[in-house]
Every structure is written in structure tokens, then in C-alpha cells.
Amino acid sequence: MVLDVGKLTSVADYLVVCSGGSDRQVRAIADHIDGSLAQQQISPLSIEGLSSSQWVLLDYGDVIVHIFRADIRHHYALERLWSDAAQTRVTDTEPASALAAATAPARAGWSRTREHR
């Protein structure tokens, strides 16, 4: 799920929220996202939570990716916390294109720092 939080906070423009069924899956998802973006010369400002892999956060400036183990996602319920944000659901059939479409306004800023805020 992609949450458009740009009008609600200065922390980021978009939050990407997804989950895996186990710590290993969470780590694999994080590694895949980081690796895919690295191929496009997009580096995270910070990566948190890899040691436990229950909740991994990849900070790309205007886009922050939260990858949860399913039970941890339910517990923290970021979708409920950010319920005022516009939500775009990403399906398994076209995750990359849906994410690109949902975050199109911020993509040029993925490699920027927050100094502009």
C-alpha cells in the first residue's frame, strides 16, 4: 500500500507499507527493494531494522518504505494511523508499475535529502 502523506507531514511525501510472512521474507523484500533501486543509482538515506527483520524501514527521503512481518504490521497499524492519507493499493500482478504511478510526483526527489524541507 502507498500512503500519500505529503500534505499531512514534512517527514515524507509517501509511505510504502508492505509485509512478509516471516523475518526471512521481510529481509528478502528489503534486500530486493534496496537492490532494485541501487541498480538505478538510488541509495537510501538510512536503513533500520535489518538485524531483527520484524520491521525494516528504508528511508529514501521523500519516500519511506516500511516492511513488516504480518503480525507486527497488524500491531502498529500504520494505515490506521495515517487514515487521512490518500491510499493506493498495490496488487501482486503489477507492483512496480503501481508504485511508480502512485509516487510519480516524488520520483525525481528519491535521491534528495530533506534539506529542502
# chains A, B, ... in the order shown; residues from 1 in each chain; ligands from 1
$ residues_around --residues "Ile67 of chain A" --least-positions-apart "2" --cutoff "6 Å" --atoms "only C-alpha atoms" --output "VMD selection string"
chain A and resid 18 to 19 55 to 56
$ select_by_dssp --residues "segment 6-110 of chain A" --states "strand (DSSP E or B)" --output "NGL selection string"
:A and (14-20 or 46-48 or 55-59 or 63-69 or 86-88)
$ write_last_selection --atoms "C-alpha atoms" --output "PDB file, in the first residue's frame"
ATOM      1  CA  TYR A  14       4.870   8.863   0.526  1.00  0.00           C
ATOM      2  CA  LEU A  15       4.922   5.882   2.853  1.00  0.00           C
ATOM      3  CA  VAL A  16       5.052   2.464   1.251  1.00  0.00           C
ATOM      4  CA  VAL A  17       3.710  -0.204   3.627  1.00  0.00           C
ATOM      5  CA  CYS A  18       4.072  -3.912   2.910  1.00  0.00           C
ATOM      6  CA  SER A  19       4.568  -7.150   4.805  1.00  0.00           C
ATOM      7  CA  GLY A  20       6.068 -10.595   4.695  1.00  0.00           C
ATOM      8  CA  SER A  46      19.038   5.158   6.096  1.00  0.00           C
ATOM      9  CA  ILE A  47      18.063   1.530   6.647  1.00  0.00           C
ATOM     10  CA  GLU A  48      16.750   0.465  10.043  1.00  0.00           C
ATOM     11  CA  TRP A  55      10.047  -4.168  10.827  1.00  0.00           C
ATOM     12  CA  VAL A  56      12.516  -2.819   8.286  1.00  0.00           C
ATOM     13  CA  LEU A  57      12.468   0.837   7.316  1.00  0.00           C
ATOM     14  CA  LEU A  58      14.130   2.054   4.096  1.00  0.00           C
ATOM     15  CA  ASP A  59      14.361   5.841   4.035  1.00  0.00           C
ATOM     16  CA  VAL A  63       9.589   8.023   0.080  1.00  0.00           C
ATOM     17  CA  ILE A  64       9.851   5.840   3.183  1.00  0.00           C
ATOM     18  CA  VAL A  65       9.307   2.098   2.829  1.00  0.00           C
ATOM     19  CA  HIS A  66       8.027   0.135   5.845  1.00  0.00           C
ATOM     20  CA  ILE A  67       8.304  -3.641   5.546  1.00  0.00           C
ATOM     21  CA  PHE A  68       6.652  -5.503   8.394  1.00  0.00           C
ATOM     22  CA  ARG A  69       6.248  -9.083   9.454  1.00  0.00           C
ATOM     23  CA  ALA A  86      -4.824   9.020   0.198  1.00  0.00           C
ATOM     24  CA  GLN A  87      -4.190   5.280  -0.214  1.00  0.00           C
ATOM     25  CA  THR A  88      -3.163   3.336  -3.305  1.00  0.00           C
TER      26      THR A  88
END
$ select_by_dssp --residues "segment 66-95 of chain A" --states "alpha helix (DSSP H)" --output "list in words"
Ala70, Asp71, Ile72, Arg73, His74, His75, Tyr76, Leu78, Glu79, Arg80, Leu81 and Pro95 of chain A
$ write_last_selection --atoms "N, CA and C atoms" --output "PDB file, in the first residue's frame"
ATOM      1  N   ALA A  70       3.922  -9.764   9.143  1.00  0.00           N
ATOM      2  CA  ALA A  70       2.467  -9.559   9.119  1.00  0.00           C
ATOM      3  C   ALA A  70       1.881  -9.241  10.501  1.00  0.00           C
ATOM      4  N   ASP A  71       2.294  -9.959  11.543  1.00  0.00           N
ATOM      5  CA  ASP A  71       1.730  -9.706  12.866  1.00  0.00           C
ATOM      6  C   ASP A  71       2.162  -8.347  13.419  1.00  0.00           C
ATOM      7  N   ILE A  72       3.363  -7.940  13.097  1.00  0.00           N
ATOM      8  CA  ILE A  72       3.864  -6.640  13.547  1.00  0.00           C
ATOM      9  C   ILE A  72       3.131  -5.517  12.803  1.00  0.00           C
ATOM     10  N   ARG A  73       2.861  -5.727  11.520  1.00  0.00           N
ATOM     11  CA  ARG A  73       2.100  -4.721  10.750  1.00  0.00           C
ATOM     12  C   ARG A  73       0.712  -4.518  11.360  1.00  0.00           C
ATOM     13  N   HIS A  74       0.079  -5.607  11.711  1.00  0.00           N
ATOM     14  CA  HIS A  74      -1.247  -5.524  12.334  1.00  0.00           C
ATOM     15  C   HIS A  74      -1.180  -4.756  13.665  1.00  0.00           C
ATOM     16  N   HIS A  75      -0.145  -5.029  14.439  1.00  0.00           N
ATOM     17  CA  HIS A  75       0.008  -4.386  15.747  1.00  0.00           C
ATOM     18  C   HIS A  75       0.170  -2.862  15.619  1.00  0.00           C
ATOM     19  N   TYR A  76       1.055  -2.421  14.723  1.00  0.00           N
ATOM     20  CA  TYR A  76       1.332  -0.987  14.600  1.00  0.00           C
ATOM     21  C   TYR A  76       0.311  -0.248  13.736  1.00  0.00           C
ATOM     22  N   LEU A  78      -0.085   1.163  10.687  1.00  0.00           N
ATOM     23  CA  LEU A  78       0.238   2.471  10.116  1.00  0.00           C
ATOM     24  C   LEU A  78      -0.868   3.002   9.212  1.00  0.00           C
ATOM     25  N   GLU A  79      -1.559   2.099   8.532  1.00  0.00           N
ATOM     26  CA  GLU A  79      -2.664   2.537   7.674  1.00  0.00           C
ATOM     27  C   GLU A  79      -3.743   3.246   8.485  1.00  0.00           C
ATOM     28  N   ARG A  80      -3.986   2.777   9.685  1.00  0.00           N
ATOM     29  CA  ARG A  80      -4.977   3.408  10.560  1.00  0.00           C
ATOM     30  C   ARG A  80      -4.429   4.728  11.113  1.00  0.00           C
ATOM     31  N   LEU A  81      -3.158   4.734  11.480  1.00  0.00           N
ATOM     32  CA  LEU A  81      -2.521   5.943  11.995  1.00  0.00           C
ATOM     33  C   LEU A  81      -2.560   7.065  10.950  1.00  0.00           C
ATOM     34  N   PRO A  95       3.170  -4.763  -9.158  1.00  0.00           N
ATOM     35  CA  PRO A  95       3.615  -3.931  -8.050  1.00  0.00           C
ATOM     36  C   PRO A  95       4.510  -2.780  -8.483  1.00  0.00           C
TER      37      PRO A  95
END
$ atom_distance --atom1 "atom CA of Gln41 of chain A" --atom2 "atom CA of Ala12 of chain A"
19.9 Å
